[in-house]
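A.B. asks: Have a look at this one.
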Amino acid sequence: MYGQQPILVLSQNTKRESGRKVQLENISAGKTIADVIRTCLGPQAMLKMLMDPMGGIVMTNDGNAILREITVQHPAAKSMIEIARTQDEEVGDGTTSVIVLAGEMLAIAEPFLTQNIHPTVIIREYRQALEDAIVLLQDKISVPVDLNDRDKMKEVIRSCVGTKYIGRWADLAVDIALDAVNTVTVNDNGRIEVDIKNYAKVEKIPGGTVEESRVLSGVMFNKDVTHPKMRRYIENPRIILLDCPLEYKKGESQTNIEIMGEQDFTKLLQLEEEHVQRQCEEIIALKPDIVFTEKGVSDLAQHYLVKAGITAIRRLRKTDNNRLARACGATIVNRTEELKESDVGTGAGLFEIKKIGDEYFTFVTECKNPKACTILLRGASKDVLNEIERNLQDALHVAKNLVVSPRLVAGGGAAEMAVSSALSHRAAHNTPYRAVATALEIIPRTLAQNCGANTIRTLTALRARHAAGLASAGIDGETGEIVDMAVKGIWEPLAVKLQVYKTAVETAILLLRIDDIVSGSKKNKNNEPAAPAEMAAQEN
Amino acid sequence: MSTREILTLQFGHYSNYVGAHFWNIQELSFDYSGTATTDLNHDILYREGQTSRNEVTYTPRLLIADLKGALKTLPQSGGLSDDAQETDLQWDTVEKIEEPPPEKNQYLAAIDSVQTTVADGKKDYNLKESVITWTDYLYPRFHSRTVNVVNEYQHGSNKEAFDIYPTGRGVWKSDYGDVFSDNIRKYVEECDSMQGFQINFDCTDGFAGLALGCIEHLSDEYTKPILAYPIIASHFPDNNSNTQEERDISNLRDSIRLVNILLSIQELSEHATMYVPLCTGEKGWRKPGNARTFDCLNYDPKLYYHSSAILASAIDTLSQKYRHKSNIHTMSDICADMTGYGRKMTAASLGMPIAINESQYLIDYLNERIQPIYSCITPGCKIANDKLFQLITIRGIPESYLKAPPKEAKAQQNLPAYRCNSVKEMFELYFQANNFLSATNLTVNEQPLNLKTPFPQIFTKNLNKYGFIKNDNRLEDVESCAVIAGYHNGTFLANMIEKLHRDVSRIRFAKLHKFKEEGLEASEYTESLDKLAEFKDNYEDDFEL
């Protein structure tokens, strides 16, 4: 054959790593990330204080909130952080668990790789184990819950909230979450829709105490009336919602008007005024007490409205307007000509503008059948409020998950132990399948570790209990003792648990499948993005 | 002849750089000798007043917003000496702890010592190196209510960065906004028949929110036109990152800036009468990009002192139209002319200097010139050649440069432009010939742009005193130059909006949680994106006619 010339395929400054080394590196990257937030699991979790690159300070024990602040370089570590975000978006809770579990799933693959077992073999067994675990969770381990049983529901949410900063006000938080979710749940012929994001708005007002936080049976927003003479307190108001401006709208295209005489000019002005007047008359005809609009209200329109005793509030945010519509039963109207009696919202019991601190807030409360609500949070400082909001979001998600799929599993690591013992019966020692079973024990182990218990002794005892058939035995995250979770009343929604397992194992599989890292980043001198990889990196 | 007053507002650090140059240009063009004639009515921008000591003052109608610590030598009272005599304390035990007053550079020291000679002094103050902030080269003194410092945030601090739109909105809602609107009210009440507001603001940081809060207030309170210049600085300190970590941070900041730009552009389309984004970089967002090039200009985009001077000359030249003594055009006319079909966003261009050879005639210059005589200073767009609405101002070309006298004309006589008898006519013909299907309005002003000392020496060596290219190598400082600047509007701006829309859509809002924490909901953000896309439709031809 010919003497082969070396062919340059990749450009010279491309860095390339491949083979076993890459897999081991990925594993250690994954483990490192997991180690960062390991101490944030459980009720005795530690807080982390983070300085973000822009200089802001974040105090939290929320896995996702911590990881998103960390700048990492390794691509595997980046994808670990990504899964925390996915988890947060998907079910809103279990972000710490998923990272810890994924880290452990990677860690247990390490011995197999060093034994030269091919990654695809490991992956196949992982996948099998995951499928079995899901079936076990769905059919055997989980129990159904009655949505009308408020006490049971509270228990579940409390066990979620208990691990968070807000845990001190657990009862309050649980009530808030449950009320909010009940409010926004729409059961439309069996199709259940729970849109927390759009219809349960959290408003934070620094000041006051946390105990003053509550769910309003209606909505609130940071607005004041446009004219000081307008009423600020109305009982049983009739509400009209608009998304058009109450002012003369000038033509968009260029118009030239030639005016010959003085009277023409007066006529012109008069026409503009009449337009506004007509709009106002159409509104006044329906005898509303309040008009909300997303756009502006001109002085002239204010004048007519004040004369008719109507309160007007302008520049509402679209989202606030939507919430208001659901809360008081009004319809948002674009043209005042088309206003009908049925568009008027009469569901609200009280309209009130209050001054809290230095700002005016509009409250539309005591709604008869609100399908949207505002959660009003009070607290000492902005940082505290932000942390409480994050916690509350988790609680809201738990409540939502329950409404959507009402099944529960025992908390405190009990479910993991149950799955683990069931799985380990099905496979021999030293198989990746068996390793997955062992890896699940990381959750109870970390729980025990975080509350200062003797890990080995506790875990052995726990294993023994499960072997004896007590499937709901778990670790009390406060004390480190072994208790029956069914008795203590610590439950988690099945949806969260399933998502945690799926995400963790899938991520581990994905990272194990990688055997080559090519980083072709150009060291660009002029800072112009060149490579597509870099363009992608910018999309954050 | 009545004066149609204008109130100018400046928000943000870079905008203040631009503003400082702008006011320097104004103040240094004042003529105290009474010999020179000017076409401009200075009372439009300035007000006459009296101090408590009965001294007459002439200060700009201006309100400035900047962060604490950005002013350095400029006192918050604006710099006119005030009377507040320090009361003698009766106690002897008082310990006075004072921060040392910031050191004044040579230029400022010179202003303080010899009030009259600075303006025409030839001394080199080495401002290029010594300028740290915009007050370092600020010549005028301000009225006591002009400077409004945002005390909650420190300039240049990493701890509490004033870098996102909602924080600015928050500041506007606080007492700061109340005081600011009171100050606006006081200025407006002084005016007899106000033209409108001219607003320069940084659209990349918290000042965007602050400015938009103010613009919304203005459009609610006053029915006057609002001409806004959202400005993007020519360079950001984190642009030149070397390590991966720095690059990540820089990317994050770019994303934040980009979202701020989006929010300002979109909100402006609702509240402003007309707005013109400005940047000396080509791209504007995601790094300002390559610096725009101008003939015979040699500036350093990293120096705000340099790039802001270019934008200031543009704003000064553009504004001549509505600051003319004859009052032919007012701000509302200009806005109405330029913003047909709801196309409120307009591009701007600048040609500085108009580099004619000193022995050449304008007719030959325009005839031989192939590329446009101006460069675009609006980021991310390229001014098209046809279907334009444009308002162009040309200054400083003497009529003697127009064309050769008939005896020497030779080949010139064959050109159709030879029939033009004034600079204005010739440019009108030029634009008629170059821009197809366009409406062009020209203003010609004989006065060139005066380049007195605080203006940076950014010109190449081959220019003579009047800013024209010289034939020999004699050494001369450029003292004035001819400038062309224009507003341009047309379908080409749709590209810019689309580019902005595309770049912003690539950002995942969830990653910018700081916006969320400050109260901007994700749905508002997507709504804002949608509205921008809708706004773009105004620039499509298909929807019209």
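Here, A, B, ... name the chains of the structure tokens in the order displayed, residue numbers run from 1 inside each chain, and ligands are numbered from 1 in the same displayed order.
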Residues of chain B within 8 Å of chain A, counting only C-alpha atoms, what are they? List them as a list in words.
C.D. replies: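 Within 8 Å of chain A on chain B, we get Asn158, Lys159, Glu160, Ala161, Asp220, Asn239, Asn240, Gln244, Glu245, Asp248, Ile249, Asn251, Leu252, Ser255, Gly289, Ala336, Asp337, Thr339, Gly340, Tyr341, Gly342, Arg506, Ile507, Arg508, Lys511, Leu512, Glu517, Ser523 and Glu524 of chain B.
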A.B. asks: Those same residues - N, CA, C and O atoms - I'd like them written as an mmCIF file, in the first residue's frame.
C.D. replies:
data_model
loop_
_atom_site.group_PDB
_atom_site.id
_atom_site.type_symbol
_atom_site.label_atom_id
_atom_site.label_comp_id
_atom_site.auth_asym_id
_atom_site.auth_seq_id
_atom_site.Cartn_x
_atom_site.Cartn_y
_atom_site.Cartn_z
ATOM 1 N N ASN B 158 -20.063 46.265 41.771
ATOM 2 C CA ASN B 158 -20.497 44.944 41.354
ATOM 3 C C ASN B 158 -21.565 44.383 42.267
ATOM 4 O O ASN B 158 -22.305 43.493 41.904
ATOM 5 N N LYS B 159 -21.620 44.924 43.470
ATOM 6 C CA LYS B 159 -22.503 44.348 44.490
ATOM 7 C C LYS B 159 -23.964 44.560 44.125
ATOM 8 O O LYS B 159 -24.717 43.622 43.980
ATOM 9 N N GLU B 160 -24.334 45.817 44.021
ATOM 10 C CA GLU B 160 -25.727 46.072 43.685
ATOM 11 C C GLU B 160 -25.743 46.703 42.303
ATOM 12 O O GLU B 160 -25.729 47.910 42.177
ATOM 13 N N ALA B 161 -25.736 45.862 41.313
ATOM 14 C CA ALA B 161 -25.654 46.407 39.971
ATOM 15 C C ALA B 161 -27.003 46.977 39.571
ATOM 16 O O ALA B 161 -28.051 46.413 39.880
ATOM 17 N N ASP B 220 -48.321 60.608 29.513
ATOM 18 C CA ASP B 220 -49.595 60.754 30.218
ATOM 19 C C ASP B 220 -49.882 62.203 30.571
ATOM 20 O O ASP B 220 -51.012 62.666 30.475
ATOM 21 N N ASN B 239 -16.245 43.134 27.528
ATOM 22 C CA ASN B 239 -16.198 42.620 26.159
ATOM 23 C C ASN B 239 -14.949 41.834 25.843
ATOM 24 O O ASN B 239 -14.982 40.890 25.070
ATOM 25 N N ASN B 240 -13.847 42.257 26.453
ATOM 26 C CA ASN B 240 -12.607 41.563 26.130
ATOM 27 C C ASN B 240 -12.289 40.525 27.185
ATOM 28 O O ASN B 240 -11.480 40.730 28.057
ATOM 29 N N GLN B 244 -12.493 31.308 30.039
ATOM 30 C CA GLN B 244 -13.821 30.777 29.782
ATOM 31 C C GLN B 244 -14.846 31.381 30.750
ATOM 32 O O GLN B 244 -15.948 31.748 30.377
ATOM 33 N N GLU B 245 -14.397 31.487 31.993
ATOM 34 C CA GLU B 245 -15.317 31.975 33.020
ATOM 35 C C GLU B 245 -15.762 33.399 32.705
ATOM 36 O O GLU B 245 -16.938 33.743 32.757
ATOM 37 N N ASP B 248 -18.251 33.433 29.984
ATOM 38 C CA ASP B 248 -19.596 33.069 30.411
ATOM 39 C C ASP B 248 -20.300 34.262 31.033
ATOM 40 O O ASP B 248 -21.466 34.536 30.746
ATOM 41 N N ILE B 249 -19.560 34.953 31.887
ATOM 42 C CA ILE B 249 -20.154 36.119 32.546
ATOM 43 C C ILE B 249 -20.529 37.158 31.504
ATOM 44 O O ILE B 249 -21.607 37.741 31.523
ATOM 45 N N ASN B 251 -21.248 36.669 28.429
ATOM 46 C CA ASN B 251 -22.434 36.227 27.693
ATOM 47 C C ASN B 251 -23.696 36.520 28.460
ATOM 48 O O ASN B 251 -24.691 36.982 27.907
ATOM 49 N N LEU B 252 -23.622 36.245 29.758
ATOM 50 C CA LEU B 252 -24.780 36.491 30.600
ATOM 51 C C LEU B 252 -25.138 37.974 30.588
ATOM 52 O O LEU B 252 -26.287 38.363 30.424
ATOM 53 N N SER B 255 -26.725 38.968 27.439
ATOM 54 C CA SER B 255 -28.128 38.584 27.375
ATOM 55 C C SER B 255 -28.981 39.574 28.145
ATOM 56 O O SER B 255 -30.053 39.974 27.696
ATOM 57 N N GLY B 289 -19.823 45.261 18.516
ATOM 58 C CA GLY B 289 -19.369 44.927 17.171
ATOM 59 C C GLY B 289 -18.329 45.886 16.648
ATOM 60 O O GLY B 289 -17.846 46.774 17.348
ATOM 61 N N ALA B 336 -43.834 63.943 12.886
ATOM 62 C CA ALA B 336 -44.947 63.568 12.013
ATOM 63 C C ALA B 336 -44.439 63.174 10.635
ATOM 64 O O ALA B 336 -44.914 62.220 10.034
ATOM 65 N N ASP B 337 -43.443 63.936 10.130
ATOM 66 C CA ASP B 337 -42.916 63.625 8.803
ATOM 67 C C ASP B 337 -42.253 62.259 8.771
ATOM 68 O O ASP B 337 -42.346 61.532 7.793
ATOM 69 N N THR B 339 -42.563 59.609 10.907
ATOM 70 C CA THR B 339 -43.126 58.392 11.472
ATOM 71 C C THR B 339 -44.438 57.972 10.830
ATOM 72 O O THR B 339 -45.324 57.477 11.499
ATOM 73 N N GLY B 340 -44.546 58.174 9.526
ATOM 74 C CA GLY B 340 -45.745 57.727 8.826
ATOM 75 C C GLY B 340 -45.941 56.231 9.010
ATOM 76 O O GLY B 340 -45.006 55.492 9.276
ATOM 77 N N TYR B 341 -47.168 55.781 8.877
ATOM 78 C CA TYR B 341 -47.536 54.365 9.030
ATOM 79 C C TYR B 341 -47.169 53.810 10.402
ATOM 80 O O TYR B 341 -46.936 52.619 10.535
ATOM 81 N N GLY B 342 -47.038 54.641 11.388
ATOM 82 C CA GLY B 342 -46.679 54.131 12.716
ATOM 83 C C GLY B 342 -45.248 53.635 12.812
ATOM 84 O O GLY B 342 -44.910 52.896 13.715
ATOM 85 N N ARG B 506 -33.747 33.795 21.207
ATOM 86 C CA ARG B 506 -32.833 32.694 21.525
ATOM 87 C C ARG B 506 -32.487 32.628 23.005
ATOM 88 O O ARG B 506 -31.992 31.636 23.493
ATOM 89 N N ILE B 507 -32.735 33.717 23.700
ATOM 90 C CA ILE B 507 -32.437 33.722 25.132
ATOM 91 C C ILE B 507 -33.523 32.964 25.870
ATOM 92 O O ILE B 507 -34.701 33.145 25.586
ATOM 93 N N ARG B 508 -33.104 32.132 26.795
ATOM 94 C CA ARG B 508 -34.124 31.472 27.617
ATOM 95 C C ARG B 508 -34.389 32.337 28.825
ATOM 96 O O ARG B 508 -33.509 32.553 29.644
ATOM 97 N N LYS B 511 -33.463 31.458 32.420
ATOM 98 C CA LYS B 511 -32.093 31.572 32.900
ATOM 99 C C LYS B 511 -31.799 32.945 33.474
ATOM 100 O O LYS B 511 -30.863 33.110 34.231
ATOM 101 N N LEU B 512 -32.556 33.923 33.075
ATOM 102 C CA LEU B 512 -32.313 35.269 33.595
ATOM 103 C C LEU B 512 -33.240 35.519 34.777
ATOM 104 O O LEU B 512 -34.113 36.362 34.728
ATOM 105 N N GLU B 517 -37.055 37.923 39.600
ATOM 106 C CA GLU B 517 -37.067 38.323 41.002
ATOM 107 C C GLU B 517 -37.440 39.785 41.156
ATOM 108 O O GLU B 517 -37.988 40.183 42.165
ATOM 109 N N SER B 523 -44.541 35.837 31.214
ATOM 110 C CA SER B 523 -45.564 36.081 30.206
ATOM 111 C C SER B 523 -45.484 37.517 29.680
ATOM 112 O O SER B 523 -45.760 37.770 28.515
ATOM 113 N N GLU B 524 -45.079 38.423 30.558
ATOM 114 C CA GLU B 524 -44.916 39.800 30.094
ATOM 115 C C GLU B 524 -43.805 39.883 29.069
ATOM 116 O O GLU B 524 -43.879 40.638 28.103
#
A.B. asks: Please identify all polymer residues within 9 Å of region 449-459 of chain A, counting only C-alpha atoms, omitting same-chain residues fewer than 4 positions from it, and present them as a PyMOL selection string.
C.D. replies: chain A and resi 38-46+441+444-445+463-464+475-482
A.B. asks: Could you give me, as JSON, numbers by chain, the residues within 10 Å of region 35-49 of chain B, counting only C-alpha atoms and dropping anything in the same chain fewer than 3 positions from it?
C.D. replies: {"B": [2, 3, 4, 5, 6, 7, 8, 23, 26, 27, 29, 30, 31, 32, 52, 54, 55, 56, 57, 58, 59, 60, 61, 62, 143, 187, 190, 191, 194, 195, 320, 321, 322, 323, 324, 325, 326, 327, 445, 446, 447]}
A.B. asks: Just how far from CA of Val174 (chain A) is CA of Arg214 (chain A), in Å to one decimal?
C.D. replies: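 We find that CA of Arg214 (chain A) and CA of Val174 (chain A) lie 10.9 Å from each other.
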A.B. asks: Can you pull out every residue within 8 Å of Leu286 (chain A), counting only C-alpha atoms, but drop anything in the same chain fewer than 6 positions away, and send it as a count of residues only?
C.D. replies: 3
A.B. asks: Find the residues near Gly474 (chain A): any atom within 6 Å, counting only C-alpha atoms, skip ones fewer than 2 places away on the same chain, and give them as a PyMOL selection string.
C.D. replies: chain A and resi 412-414+482-483+485
A.B. asks: Would you mind exporting the chosen residues as a short mmCIF file (atom, residue, chain, number, x, y, z; two decimals), in the first residue's frame, restricted to all heavy atoms?
C.D. replies:
data_model
loop_
_atom_site.label_atom_id
_atom_site.label_comp_id
_atom_site.auth_asym_id
_atom_site.auth_seq_id
_atom_site.Cartn_x
_atom_site.Cartn_y
_atom_site.Cartn_z
N GLY A 412 -39.29 10.29 53.27
CA GLY A 412 -38.19 9.97 54.17
C GLY A 412 -37.33 8.82 53.70
O GLY A 412 -36.74 8.09 54.50
N GLY A 413 -37.25 8.59 52.41
CA GLY A 413 -36.39 7.53 51.90
C GLY A 413 -37.06 6.17 51.92
O GLY A 413 -36.47 5.18 51.49
N ALA A 414 -38.30 6.09 52.43
CA ALA A 414 -38.97 4.80 52.53
C ALA A 414 -39.23 4.20 51.16
O ALA A 414 -39.00 3.01 50.94
CB ALA A 414 -40.27 4.95 53.30
N ILE A 482 -35.35 5.72 62.85
CA ILE A 482 -36.18 5.01 61.88
C ILE A 482 -37.61 5.02 62.37
O ILE A 482 -37.89 4.64 63.51
CB ILE A 482 -35.67 3.57 61.71
CG1 ILE A 482 -34.27 3.61 61.08
CG2 ILE A 482 -36.61 2.77 60.83
CD1 ILE A 482 -33.59 2.30 61.04
N VAL A 483 -38.50 5.52 61.52
CA VAL A 483 -39.91 5.56 61.91
C VAL A 483 -40.76 5.08 60.75
O VAL A 483 -40.29 5.01 59.61
CB VAL A 483 -40.36 6.99 62.28
CG1 VAL A 483 -39.84 7.38 63.64
CG2 VAL A 483 -39.92 7.97 61.22
N MET A 485 -43.25 5.82 58.17
CA MET A 485 -43.68 7.04 57.52
C MET A 485 -45.20 7.14 57.43
O MET A 485 -45.76 8.24 57.45
CB MET A 485 -43.09 7.11 56.11
CG MET A 485 -41.62 7.41 56.11
SD MET A 485 -41.32 9.00 56.82
CE MET A 485 -39.68 8.79 57.46
#
A.B. asks: Fewer than 2 positions away in the same chain doesn't count, so skip those; otherwise give me all residues within 7 Å of Ala395 (chain A), counting only C-alpha atoms, as an MDAnalysis selection string.
C.D. replies: chainID A and resid 157 160:161 177 391:393 397:399
A.B. asks: Taking the DSSP secondary structure from the backbone, can you list the residues of region 180-424 of chain B that are strand (DSSP E or B), as a PyMOL selection string?
C.D. replies: chain B and resi 196-202+226-231+274-275+278+281+291+297+324+345+347-351+357+375-376+386+388-395
A.B. asks: Write out as a PyMOL selection string the set of residues from region 299-477 of chain B that DSSP, computed on the backbone, places in alpha helix (DSSP H).
C.D. replies: chain B and resi 304-319+331-338+362-368+423-434
A.B. asks: Report as JSON, numbers by chain all protein, DNA and RNA residues lying within 7 Å of His13 (chain B), evaluated on only C-alpha atoms, omitting residues in the same chain fewer than 3 positions from it.
C.D. replies: {"B": [16, 17, 66]}
A.B. asks: Based on the selection just made, write N, CA and C atoms of those residues as a PDB file, in the first residue's frame.
C.D. replies:
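This went into result-v2.pdb:
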ATOM      1  N   ASN B  16     -24.753  60.468  29.393  1.00  0.00           N
ATOM      2  CA  ASN B  16     -24.208  61.692  29.939  1.00  0.00           C
ATOM      3  C   ASN B  16     -22.889  62.064  29.278  1.00  0.00           C
ATOM      4  N   TYR B  17     -22.135  61.051  28.882  1.00  0.00           N
ATOM      5  CA  TYR B  17     -20.940  61.329  28.080  1.00  0.00           C
ATOM      6  C   TYR B  17     -21.352  62.070  26.806  1.00  0.00           C
ATOM      7  N   ASP B  66     -27.869  60.036  36.973  1.00  0.00           N
ATOM      8  CA  ASP B  66     -26.723  59.124  36.974  1.00  0.00           C
ATOM      9  C   ASP B  66     -26.630  58.500  38.355  1.00  0.00           C
TER      10      ASP B  66
END
A.B. asks: Given only C-alpha atoms as the basis, pick out the residue of A:Glu274, A:Glu258, A:Glu211, A:Glu337 nearest to Arg378 (chain A).
C.D. replies: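 Checking each of A:Glu274, A:Glu258, A:Glu211, A:Glu337 against Arg378 (chain A), counting only C-alpha atoms, the winner is A:Glu211.
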A.B. asks: Nearest residue to Val186 (chain A) out of A:Glu125, A:Lys368, A:Val403, A:Thr163, using only C-alpha atoms?
C.D. replies: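 Ranked by minimum distance to Val186 (chain A), first place goes to A:Val403.
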A.B. asks: Just checking: using only C-alpha atoms, which residue out of B:Ile97, B:Ala309, B:Met331, B:Ile377 ends up closest to Pro454 (chain B)?
C.D. replies: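 That would be B:Ala309, the residue with the smallest distance to Pro454 (chain B).
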A.B. asks: Quick one: pull the distance between CA of Ala327 (chain A) and CA of Ile284 (chain A), Å, one decimal.
C.D. replies: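 Those two atoms sit 22.3 Å apart.
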A.B. asks: To one decimal place in Å, what is the distance between CA of Lys387 (chain B) and CA of Phe427 (chain B)?
C.D. replies: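 Atom-to-atom, CA of Lys387 (chain B) and CA of Phe427 (chain B) are spaced 17.7 Å apart.
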A.B. asks: Let me make sure I understand: among A:Asn236, A:Gln128, A:Gln115, A:Asn13, which one has the smallest atom-to-atom distance to Ala427 (chain A) if we use only C-alpha atoms?
C.D. replies: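 Residue with the minimum atom-to-atom distance to Ala427 (chain A): A:Gln128.
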